[in-house]
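As stored in model08.cif (mmCIF, C-alpha atoms and all ligand atoms):
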```
data_my_file
loop_
_atom_site.group_PDB
_atom_site.id
_atom_site.type_symbol
_atom_site.label_atom_id
_atom_site.label_comp_id
_atom_site.auth_asym_id
_atom_site.auth_seq_id
_atom_site.Cartn_x
_atom_site.Cartn_y
_atom_site.Cartn_z
ATOM 1 C CA MET A 1 13.609 19.676 -1.610
ATOM 2 C CA ASP A 2 14.530 16.603 0.348
ATOM 3 C CA ILE A 3 11.259 14.759 0.915
ATOM 4 C CA THR A 4 10.619 11.457 2.622
ATOM 5 C CA ALA A 5 7.248 10.136 1.499
ATOM 6 C CA ILE A 6 5.240 7.564 3.414
ATOM 7 C CA TYR A 7 3.176 5.141 1.322
ATOM 8 C CA PRO A 8 0.826 3.564 3.860
ATOM 9 C CA GLY A 9 -1.499 0.632 3.375
ATOM 10 C CA SER A 10 -2.479 -2.880 4.314
ATOM 11 C CA PHE A 11 -0.615 -4.580 1.453
ATOM 12 C CA ASP A 12 -2.541 -7.770 2.220
ATOM 13 C CA PRO A 13 -0.933 -8.808 -0.150
ATOM 14 C CA ALA A 14 1.025 -6.321 -2.284
ATOM 15 C CA THR A 15 -0.165 -6.293 -5.908
ATOM 16 C CA LEU A 16 1.245 -5.025 -9.194
ATOM 17 C CA GLY A 17 -0.902 -1.921 -8.629
ATOM 18 C CA HIS A 18 0.975 -1.207 -5.392
ATOM 19 C CA LEU A 19 4.321 -1.896 -7.069
ATOM 20 C CA ASP A 20 3.443 0.546 -9.839
ATOM 21 C CA ILE A 21 2.788 3.311 -7.281
ATOM 22 C CA ILE A 22 6.008 2.437 -5.395
ATOM 23 C CA GLY A 23 8.087 2.699 -8.582
ATOM 24 C CA ARG A 24 6.514 5.986 -9.633
ATOM 25 C CA ALA A 25 6.780 7.502 -6.130
ATOM 26 C CA SER A 26 10.450 6.494 -5.924
ATOM 27 C CA LYS A 27 11.127 8.797 -8.884
ATOM 28 C CA LEU A 28 9.336 11.759 -7.302
ATOM 29 C CA PHE A 29 10.717 11.681 -3.754
ATOM 30 C CA GLU A 30 14.168 11.268 -2.230
ATOM 31 C CA ARG A 31 12.957 8.451 0.001
ATOM 32 C CA VAL A 32 9.783 6.376 0.133
ATOM 33 C CA VAL A 33 8.849 4.370 3.215
ATOM 34 C CA VAL A 34 6.230 1.752 2.353
ATOM 35 C CA SER A 35 4.407 1.544 5.673
ATOM 36 C CA ILE A 36 2.373 -1.503 6.586
ATOM 37 C CA SER A 37 -0.493 -0.999 9.004
ATOM 38 C CA GLU A 38 -0.307 -3.392 11.929
ATOM 39 C CA SER A 39 -3.100 -5.836 12.615
ATOM 40 C CA SER A 40 -5.912 -4.361 14.686
ATOM 41 C CA ASN A 41 -9.292 -5.327 16.055
ATOM 42 C CA THR A 42 -11.081 -3.455 13.301
ATOM 43 C CA LYS A 43 -9.201 -4.971 10.371
ATOM 44 C CA ARG A 44 -8.439 -8.648 9.883
ATOM 45 C CA PHE A 45 -5.668 -9.567 7.492
ATOM 46 C CA ALA A 46 -5.024 -12.787 5.575
ATOM 47 C CA PHE A 47 -1.254 -12.322 5.937
ATOM 48 C CA SER A 48 0.631 -11.598 9.148
ATOM 49 C CA GLU A 49 2.687 -8.435 9.541
ATOM 50 C CA GLU A 50 5.850 -10.527 9.125
ATOM 51 C CA GLN A 51 4.567 -12.030 5.884
ATOM 52 C CA ARG A 52 3.511 -8.665 4.464
ATOM 53 C CA LEU A 53 6.878 -7.181 5.460
ATOM 54 C CA ALA A 54 8.783 -10.063 3.849
ATOM 55 C CA MET A 55 6.757 -9.836 0.622
ATOM 56 C CA LEU A 56 7.258 -6.087 0.294
ATOM 57 C CA GLY A 57 10.957 -6.544 1.130
ATOM 58 C CA LYS A 58 11.280 -8.762 -1.955
ATOM 59 C CA ILE A 59 9.629 -6.366 -4.385
ATOM 60 C CA ILE A 60 11.326 -3.123 -3.346
ATOM 61 C CA LYS A 61 14.803 -4.489 -4.108
ATOM 62 C CA PRO A 62 15.099 -2.636 -7.455
ATOM 63 C CA PHE A 63 14.501 0.712 -5.717
ATOM 64 C CA PRO A 64 17.454 1.821 -3.530
ATOM 65 C CA ASN A 65 15.533 4.777 -2.055
ATOM 66 C CA VAL A 66 12.549 2.672 -0.931
ATOM 67 C CA SER A 67 12.305 0.961 2.457
ATOM 68 C CA VAL A 68 9.584 -0.900 4.350
ATOM 69 C CA ALA A 69 8.302 -0.388 7.894
ATOM 70 C CA THR A 70 5.289 -1.339 9.976
ATOM 71 C CA PHE A 71 3.284 1.116 12.030
ATOM 72 C CA GLY A 72 0.506 1.084 14.597
ATOM 73 C CA GLY A 73 -1.531 3.985 15.918
ATOM 74 C CA LEU A 74 -1.990 7.254 14.105
ATOM 75 C CA LEU A 75 -0.475 7.520 10.654
ATOM 76 C CA THR A 76 0.256 11.216 11.169
ATOM 77 C CA ALA A 77 2.210 10.418 14.349
ATOM 78 C CA PHE A 78 4.194 7.795 12.464
ATOM 79 C CA ALA A 79 4.879 10.225 9.597
ATOM 80 C CA ARG A 80 6.094 12.850 12.056
ATOM 81 C CA SER A 81 8.351 10.326 13.779
ATOM 82 C CA ARG A 82 9.957 9.623 10.387
ATOM 83 C CA GLY A 83 10.316 13.318 9.546
ATOM 84 C CA SER A 84 7.958 12.861 6.615
ATOM 85 C CA ALA A 85 5.721 15.615 5.272
ATOM 86 C CA VAL A 86 4.094 13.653 2.446
ATOM 87 C CA LEU A 87 1.665 10.747 2.420
ATOM 88 C CA VAL A 88 1.253 8.960 -0.898
ATOM 89 C CA ARG A 89 -2.022 7.216 -1.736
ATOM 90 C CA GLY A 90 -3.124 5.525 -4.938
ATOM 91 C CA LEU A 91 -6.481 6.321 -6.507
ATOM 92 C CA ARG A 92 -8.448 3.930 -8.633
ATOM 93 C CA ALA A 93 -12.120 4.389 -9.376
ATOM 94 C CA ILE A 94 -14.563 6.936 -8.012
ATOM 95 C CA SER A 95 -15.319 4.426 -5.268
ATOM 96 C CA ASP A 96 -11.875 5.080 -3.709
ATOM 97 C CA PHE A 97 -12.484 8.807 -3.662
ATOM 98 C CA GLU A 98 -14.894 9.201 -0.772
ATOM 99 C CA TYR A 99 -12.828 7.169 1.671
ATOM 100 C CA GLU A 100 -9.563 8.770 0.558
ATOM 101 C CA PHE A 101 -11.073 12.249 0.761
ATOM 102 C CA GLN A 102 -12.228 11.592 4.318
ATOM 103 C CA MET A 103 -8.852 10.164 5.383
ATOM 104 C CA ALA A 104 -6.863 12.978 3.762
ATOM 105 C CA SER A 105 -9.117 15.593 5.358
ATOM 106 C CA MET A 106 -8.813 13.986 8.781
ATOM 107 C CA ASN A 107 -5.037 13.668 8.459
ATOM 108 C CA ARG A 108 -4.852 17.342 7.495
ATOM 109 C CA TYR A 109 -6.910 18.209 10.578
ATOM 110 C CA LEU A 110 -4.534 16.184 12.740
ATOM 111 C CA ALA A 111 -1.313 17.417 11.126
ATOM 112 C CA LYS A 112 -1.646 20.371 8.806
ATOM 113 C CA GLU A 113 2.019 20.326 7.809
ATOM 114 C CA ILE A 114 1.564 16.914 6.193
ATOM 115 C CA GLU A 115 0.288 16.767 2.589
ATOM 116 C CA THR A 116 -1.474 13.791 1.050
ATOM 117 C CA VAL A 117 -0.430 13.273 -2.559
ATOM 118 C CA PHE A 118 -2.636 11.100 -4.771
ATOM 119 C CA MET A 119 -1.308 9.149 -7.696
ATOM 120 C CA MET A 120 -3.756 7.863 -10.294
ATOM 121 C CA THR A 121 -3.534 4.171 -10.965
ATOM 122 C CA SER A 122 -2.039 3.095 -14.269
ATOM 123 C CA PRO A 123 -4.991 2.097 -16.488
ATOM 124 C CA LYS A 124 -3.961 -1.559 -16.617
ATOM 125 C CA TYR A 125 -4.269 -1.833 -12.822
ATOM 126 C CA HIS A 126 -7.478 0.063 -12.237
ATOM 127 C CA TYR A 127 -9.410 -3.154 -11.516
ATOM 128 C CA LEU A 128 -6.733 -4.590 -9.231
ATOM 129 C CA SER A 129 -7.079 -4.802 -5.448
ATOM 130 C CA SER A 130 -5.692 -7.016 -2.681
ATOM 131 C CA SER A 131 -9.250 -8.223 -2.004
ATOM 132 C CA ILE A 132 -9.771 -9.470 -5.546
ATOM 133 C CA VAL A 133 -6.374 -11.188 -5.512
ATOM 134 C CA LYS A 134 -7.316 -12.986 -2.264
ATOM 135 C CA GLU A 135 -10.676 -13.981 -3.689
ATOM 136 C CA ILE A 136 -9.085 -15.508 -6.783
ATOM 137 C CA ALA A 137 -6.346 -17.247 -4.757
ATOM 138 C CA ARG A 138 -8.945 -18.630 -2.356
ATOM 139 C CA LEU A 139 -10.796 -20.115 -5.333
ATOM 140 C CA GLN A 140 -7.501 -21.588 -6.580
ATOM 141 C CA GLY A 141 -7.442 -19.280 -9.632
ATOM 142 C CA ASP A 142 -4.281 -18.090 -11.377
ATOM 143 C CA ILE A 143 -2.912 -14.876 -9.871
ATOM 144 C CA THR A 144 0.038 -14.542 -12.263
ATOM 145 C CA GLY A 145 -0.094 -11.045 -13.707
ATOM 146 C CA LEU A 146 -1.894 -9.657 -10.645
ATOM 147 C CA VAL A 147 0.914 -9.766 -8.074
ATOM 148 C CA PRO A 148 4.658 -9.336 -8.677
ATOM 149 C CA PRO A 149 6.184 -12.630 -9.977
ATOM 150 C CA GLU A 150 8.250 -13.075 -6.755
ATOM 151 C CA LEU A 151 5.029 -13.190 -4.716
ATOM 152 C CA VAL A 152 2.903 -15.598 -6.734
ATOM 153 C CA GLU A 153 4.005 -18.669 -4.744
ATOM 154 C CA ASP A 154 3.776 -16.934 -1.355
ATOM 155 C CA VAL A 155 0.204 -15.850 -2.025
ATOM 156 C CA GLN A 156 -0.880 -19.190 -3.477
ATOM 157 C CA ALA A 157 0.668 -21.073 -0.533
ATOM 158 C CA GLN A 158 -1.441 -19.082 1.926
ATOM 159 C CA PHE A 159 -4.639 -20.305 0.294
ATOM 160 C CA GLN A 160 -3.624 -23.879 -0.466
ATOM 161 C CA LEU A 161 -6.431 -26.292 0.382
HETATM 162 P P1 LIG B 201 -5.690 0.367 2.676
HETATM 163 O O1 LIG B 201 -6.294 -0.756 3.451
HETATM 164 O O2 LIG B 201 -5.011 1.401 3.525
HETATM 165 O O3 LIG B 201 -6.576 0.978 1.605
HETATM 166 P P2 LIG B 201 -4.338 -1.068 0.539
HETATM 167 O O4 LIG B 201 -3.167 -1.977 0.725
HETATM 168 O O5 LIG B 201 -5.600 -1.666 0.051
HETATM 169 O O6 LIG B 201 -4.476 -0.332 1.926
HETATM 170 O O7 LIG B 201 -3.939 0.104 -0.448
HETATM 171 C C1 LIG B 201 -2.889 0.974 -0.161
HETATM 172 C C2 LIG B 201 -2.905 2.130 -1.138
HETATM 173 O O8 LIG B 201 -2.632 1.643 -2.444
HETATM 174 C C3 LIG B 201 -4.237 2.850 -1.221
HETATM 175 O O9 LIG B 201 -3.992 4.223 -1.408
HETATM 176 C C4 LIG B 201 -4.880 2.255 -2.440
HETATM 177 O O10 LIG B 201 -5.798 3.151 -3.050
HETATM 178 C C5 LIG B 201 -3.673 2.037 -3.319
HETATM 179 N N1 LIG B 201 -3.904 0.999 -4.308
HETATM 180 C C6 LIG B 201 -4.356 -0.254 -4.112
HETATM 181 N N2 LIG B 201 -4.474 -0.923 -5.279
HETATM 182 C C7 LIG B 201 -4.083 -0.050 -6.259
HETATM 183 C C8 LIG B 201 -4.008 -0.114 -7.692
HETATM 184 N N3 LIG B 201 -4.376 -1.199 -8.353
HETATM 185 N N4 LIG B 201 -3.572 0.985 -8.345
HETATM 186 C C9 LIG B 201 -3.233 2.103 -7.655
HETATM 187 N N5 LIG B 201 -3.299 2.233 -6.320
HETATM 188 C C10 LIG B 201 -3.719 1.174 -5.633
#
```

As structure tokens, what does this structure read like?
Amino acid sequence: MDITAIYPGSFDPATLGHLDIIGRASKLFERVVVSISESSNTKRFAFSEEQRLAMLGKIIKPFPNVSVATFGGLLTAFARSRGSAVLVRGLRAISDFEYEFQMASMNRYLAKEIETVFMMTSPKYHYLSSSIVKEIARLQGDITGLVPPELVEDVQAQFQL
């Protein structure tokens, strides 16, 4: 089967947990489009779309079948426009489950030909989230080992006092 998978998210900023899912998804699907949700009234981001795009662009370099895009509006509409039938989401703790279950169910209602595939986090990243990275960076803590090495400076620069 020739499957293009969409891996959607905020990636505000991308972490090693995201990179782990990207690498694993790139082995399962012919193509993976890491899809950055555009800024909206309901969600405020620390990094602009351009910054998030540039950061993801740096870390997908080792994966020839992975690309990056931004999208606004309905994810299912975006997936259809890309000819994609699979959405990839990462799952960490039980706390992720309720939200992910609701989103996957709603996306199925909107587009029943599109499957959501969940990938369990690697154990070493189960505590890792963009929010915690931002919190540490804001407090001038060391984020080495939480985000890909190429992004450490970009993230720190955003929170420089
Ligand atoms: P969103 O705002 O859409 O949840 P995120 O950028 O926070 O976007 O996350 C995108 C996806 O990556 C989600 O499916 C999330 O569960 C997953 N993810 C985030 N952090 C990790 C991690 N440490 N391990 C595995 N998956 C993760």

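Note that atom P1 of ligand LIG 201 (chain B) and CA of Ile143 in chain A are 19.9 Å apart.
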
With only C-alpha atoms as the atoms that count, which of A:Asp12, A:Ala5, A:Asp142, A:Leu91 lies nearest to Ser39 in chain A? A:Asp12

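For the choices A:Asp2, A:Glu49, A:Glu100, A:Glu38, the atom-to-atom distance to ligand LIG 201 (chain B) is smallest for A:Glu100 when using only C-alpha atoms and all ligand atoms.
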
Best match for closeness to Asn65 in chain A among A:Thr116, A:Thr4, A:Ser35, A:Ser122, counting all atoms listed in the file: A:Thr4

Residues near Gly73 in chain A, cut-off 10 Å, all atoms listed in the file, skip fewer than 5 positions along chain, as a ChimeraX atom specification: /A:37-38,40,78

Return the single residue from A:Ser81, A:Ser129, A:Ser105, A:Ser48 that is closest to ligand LIG 201 (chain B), with distances computed using all atoms listed in the file. A:Ser129

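Under the PyMOL selection byres (((not hetatm)) within 7 of (chain B and resi 201)), the matching residues in the shown file are Pro8, Gly9, Ser10, Phe11, Asp12, Ala14, Thr15, Leu16, Gly17, His18, Ile21, Arg89, Gly90, Leu91, Arg92, Asp96, Met120, Thr121, Ser122, Tyr125, His126, Tyr127, Leu128, Ser129 and Ser130 of chain A.
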
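CA of Val32 in chain A lies 6.4 Å from CA of Ser67 in chain A.
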
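Selection around (-5.8, -15.2, 0.1) with radius 10 Å, counting all atoms listed in the file, yields the residues A:Asp12, A:Pro13, A:Phe45, A:Ala46, A:Phe47, A:Ser130, A:Ser131, A:Ile132, A:Val133, A:Lys134, A:Glu135, A:Ile136, A:Ala137, A:Arg138, A:Leu139, A:Gln140, A:Asp154, A:Val155, A:Gln156, A:Ala157, A:Gln158, A:Phe159, A:Gln160.
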
Once the PyMOL selection byres (((chain A and resi 79) around 10) and not hetatm) has been applied to the shown file, what residues remain in the selection, as an NGL selection string? :A and (4-8 or 33 or 35 or 71 or 74-78 or 80-87 or 111 or 114)

Neighbouring residues of Met1 in chain A were defined as those with any atom within 9 Å, considering all atoms listed in the file; residues of the same chain fewer than 2 positions away were excluded. Please report them as a PyMOL selection string. chain A and resi 3+29-30

Between CA of Phe101 in chain A and CA of Phe63 in chain A - distance in Å to one decimal: 28.8 Å

Could you add the missing atoms to range 90-120 of chain A, up to N, CA and C atoms, and return them as an mmCIF file, keeping the file's coordinate frame?
```cif
data_model
loop_
_atom_site.group_PDB
_atom_site.id
_atom_site.type_symbol
_atom_site.label_atom_id
_atom_site.label_comp_id
_atom_site.auth_asym_id
_atom_site.auth_seq_id
_atom_site.Cartn_x
_atom_site.Cartn_y
_atom_site.Cartn_z
ATOM 1 N N GLY A 90 -2.735 5.812 -3.562
ATOM 2 C CA GLY A 90 -3.124 5.525 -4.938
ATOM 3 C C GLY A 90 -4.621 5.724 -5.086
ATOM 4 N N LEU A 91 -5.043 6.146 -6.257
ATOM 5 C CA LEU A 91 -6.481 6.321 -6.507
ATOM 6 C C LEU A 91 -6.888 5.496 -7.707
ATOM 7 N N ARG A 92 -7.901 4.689 -7.506
ATOM 8 C CA ARG A 92 -8.448 3.930 -8.633
ATOM 9 C C ARG A 92 -9.753 4.578 -9.069
ATOM 10 N N ALA A 93 -10.844 3.887 -8.874
ATOM 11 C CA ALA A 93 -12.120 4.389 -9.376
ATOM 12 C C ALA A 93 -12.706 5.436 -8.436
ATOM 13 N N ILE A 94 -13.862 5.941 -8.820
ATOM 14 C CA ILE A 94 -14.563 6.936 -8.012
ATOM 15 C C ILE A 94 -14.833 6.377 -6.612
ATOM 16 N N SER A 95 -15.010 5.067 -6.553
ATOM 17 C CA SER A 95 -15.319 4.426 -5.268
ATOM 18 C C SER A 95 -14.217 4.643 -4.233
ATOM 19 N N ASP A 96 -12.964 4.807 -4.659
ATOM 20 C CA ASP A 96 -11.875 5.080 -3.709
ATOM 21 C C ASP A 96 -11.988 6.496 -3.149
ATOM 22 N N PHE A 97 -12.610 7.380 -3.948
ATOM 23 C CA PHE A 97 -12.484 8.807 -3.662
ATOM 24 C C PHE A 97 -13.048 9.214 -2.307
ATOM 25 N N GLU A 98 -14.233 8.734 -1.990
ATOM 26 C CA GLU A 98 -14.894 9.201 -0.772
ATOM 27 C C GLU A 98 -14.083 8.854 0.479
ATOM 28 N N TYR A 99 -13.630 7.610 0.529
ATOM 29 C CA TYR A 99 -12.828 7.169 1.671
ATOM 30 C C TYR A 99 -11.507 7.946 1.741
ATOM 31 N N GLU A 100 -10.857 8.079 0.586
ATOM 32 C CA GLU A 100 -9.563 8.770 0.558
ATOM 33 C C GLU A 100 -9.715 10.251 0.926
ATOM 34 N N PHE A 101 -10.806 10.843 0.473
ATOM 35 C CA PHE A 101 -11.073 12.249 0.761
ATOM 36 C C PHE A 101 -11.253 12.440 2.269
ATOM 37 N N GLN A 102 -11.998 11.519 2.875
ATOM 38 C CA GLN A 102 -12.228 11.592 4.318
ATOM 39 C C GLN A 102 -10.914 11.427 5.088
ATOM 40 N N MET A 103 -10.120 10.427 4.691
ATOM 41 C CA MET A 103 -8.852 10.164 5.383
ATOM 42 C C MET A 103 -7.891 11.345 5.238
ATOM 43 N N ALA A 104 -7.786 11.861 4.004
ATOM 44 C CA ALA A 104 -6.863 12.978 3.762
ATOM 45 C C ALA A 104 -7.302 14.206 4.558
ATOM 46 N N SER A 105 -8.609 14.433 4.619
ATOM 47 C CA SER A 105 -9.117 15.593 5.358
ATOM 48 C C SER A 105 -8.845 15.428 6.846
ATOM 49 N N MET A 106 -9.060 14.229 7.356
ATOM 50 C CA MET A 106 -8.813 13.986 8.781
ATOM 51 C C MET A 106 -7.330 14.097 9.102
ATOM 52 N N ASN A 107 -6.479 13.568 8.220
ATOM 53 C CA ASN A 107 -5.037 13.668 8.459
ATOM 54 C C ASN A 107 -4.565 15.124 8.414
ATOM 55 N N ARG A 108 -5.195 15.913 7.552
ATOM 56 C CA ARG A 108 -4.852 17.342 7.495
ATOM 57 C C ARG A 108 -5.260 18.038 8.796
ATOM 58 N N TYR A 109 -6.433 17.647 9.307
ATOM 59 C CA TYR A 109 -6.910 18.209 10.578
ATOM 60 C C TYR A 109 -5.927 17.870 11.697
ATOM 61 N N LEU A 110 -5.436 16.633 11.672
ATOM 62 C CA LEU A 110 -4.534 16.184 12.740
ATOM 63 C C LEU A 110 -3.120 16.754 12.599
ATOM 64 N N ALA A 111 -2.698 16.961 11.368
ATOM 65 C CA ALA A 111 -1.313 17.417 11.126
ATOM 66 C C ALA A 111 -1.292 18.251 9.861
ATOM 67 N N LYS A 112 -1.453 19.565 10.024
ATOM 68 C CA LYS A 112 -1.646 20.371 8.806
ATOM 69 C C LYS A 112 -0.373 20.568 8.000
ATOM 70 N N GLU A 113 0.773 20.198 8.581
ATOM 71 C CA GLU A 113 2.019 20.326 7.809
ATOM 72 C C GLU A 113 2.237 19.127 6.878
ATOM 73 N N ILE A 114 1.392 18.115 7.017
ATOM 74 C CA ILE A 114 1.564 16.914 6.193
ATOM 75 C C ILE A 114 0.579 16.926 5.022
ATOM 76 N N GLU A 115 1.119 16.772 3.802
ATOM 77 C CA GLU A 115 0.288 16.767 2.589
ATOM 78 C C GLU A 115 0.023 15.335 2.147
ATOM 79 N N THR A 116 -1.203 15.071 1.703
ATOM 80 C CA THR A 116 -1.474 13.791 1.050
ATOM 81 C C THR A 116 -1.396 14.004 -0.450
ATOM 82 N N VAL A 117 -0.592 13.182 -1.113
ATOM 83 C CA VAL A 117 -0.430 13.273 -2.559
ATOM 84 C C VAL A 117 -1.057 12.023 -3.181
ATOM 85 N N PHE A 118 -1.971 12.236 -4.129
ATOM 86 C CA PHE A 118 -2.636 11.100 -4.771
ATOM 87 C C PHE A 118 -2.009 10.814 -6.125
ATOM 88 N N MET A 119 -1.796 9.547 -6.380
ATOM 89 C CA MET A 119 -1.308 9.149 -7.696
ATOM 90 C C MET A 119 -2.369 8.272 -8.348
ATOM 91 N N MET A 120 -2.754 8.651 -9.566
ATOM 92 C CA MET A 120 -3.756 7.863 -10.294
ATOM 93 C C MET A 120 -3.167 6.517 -10.668
#
```
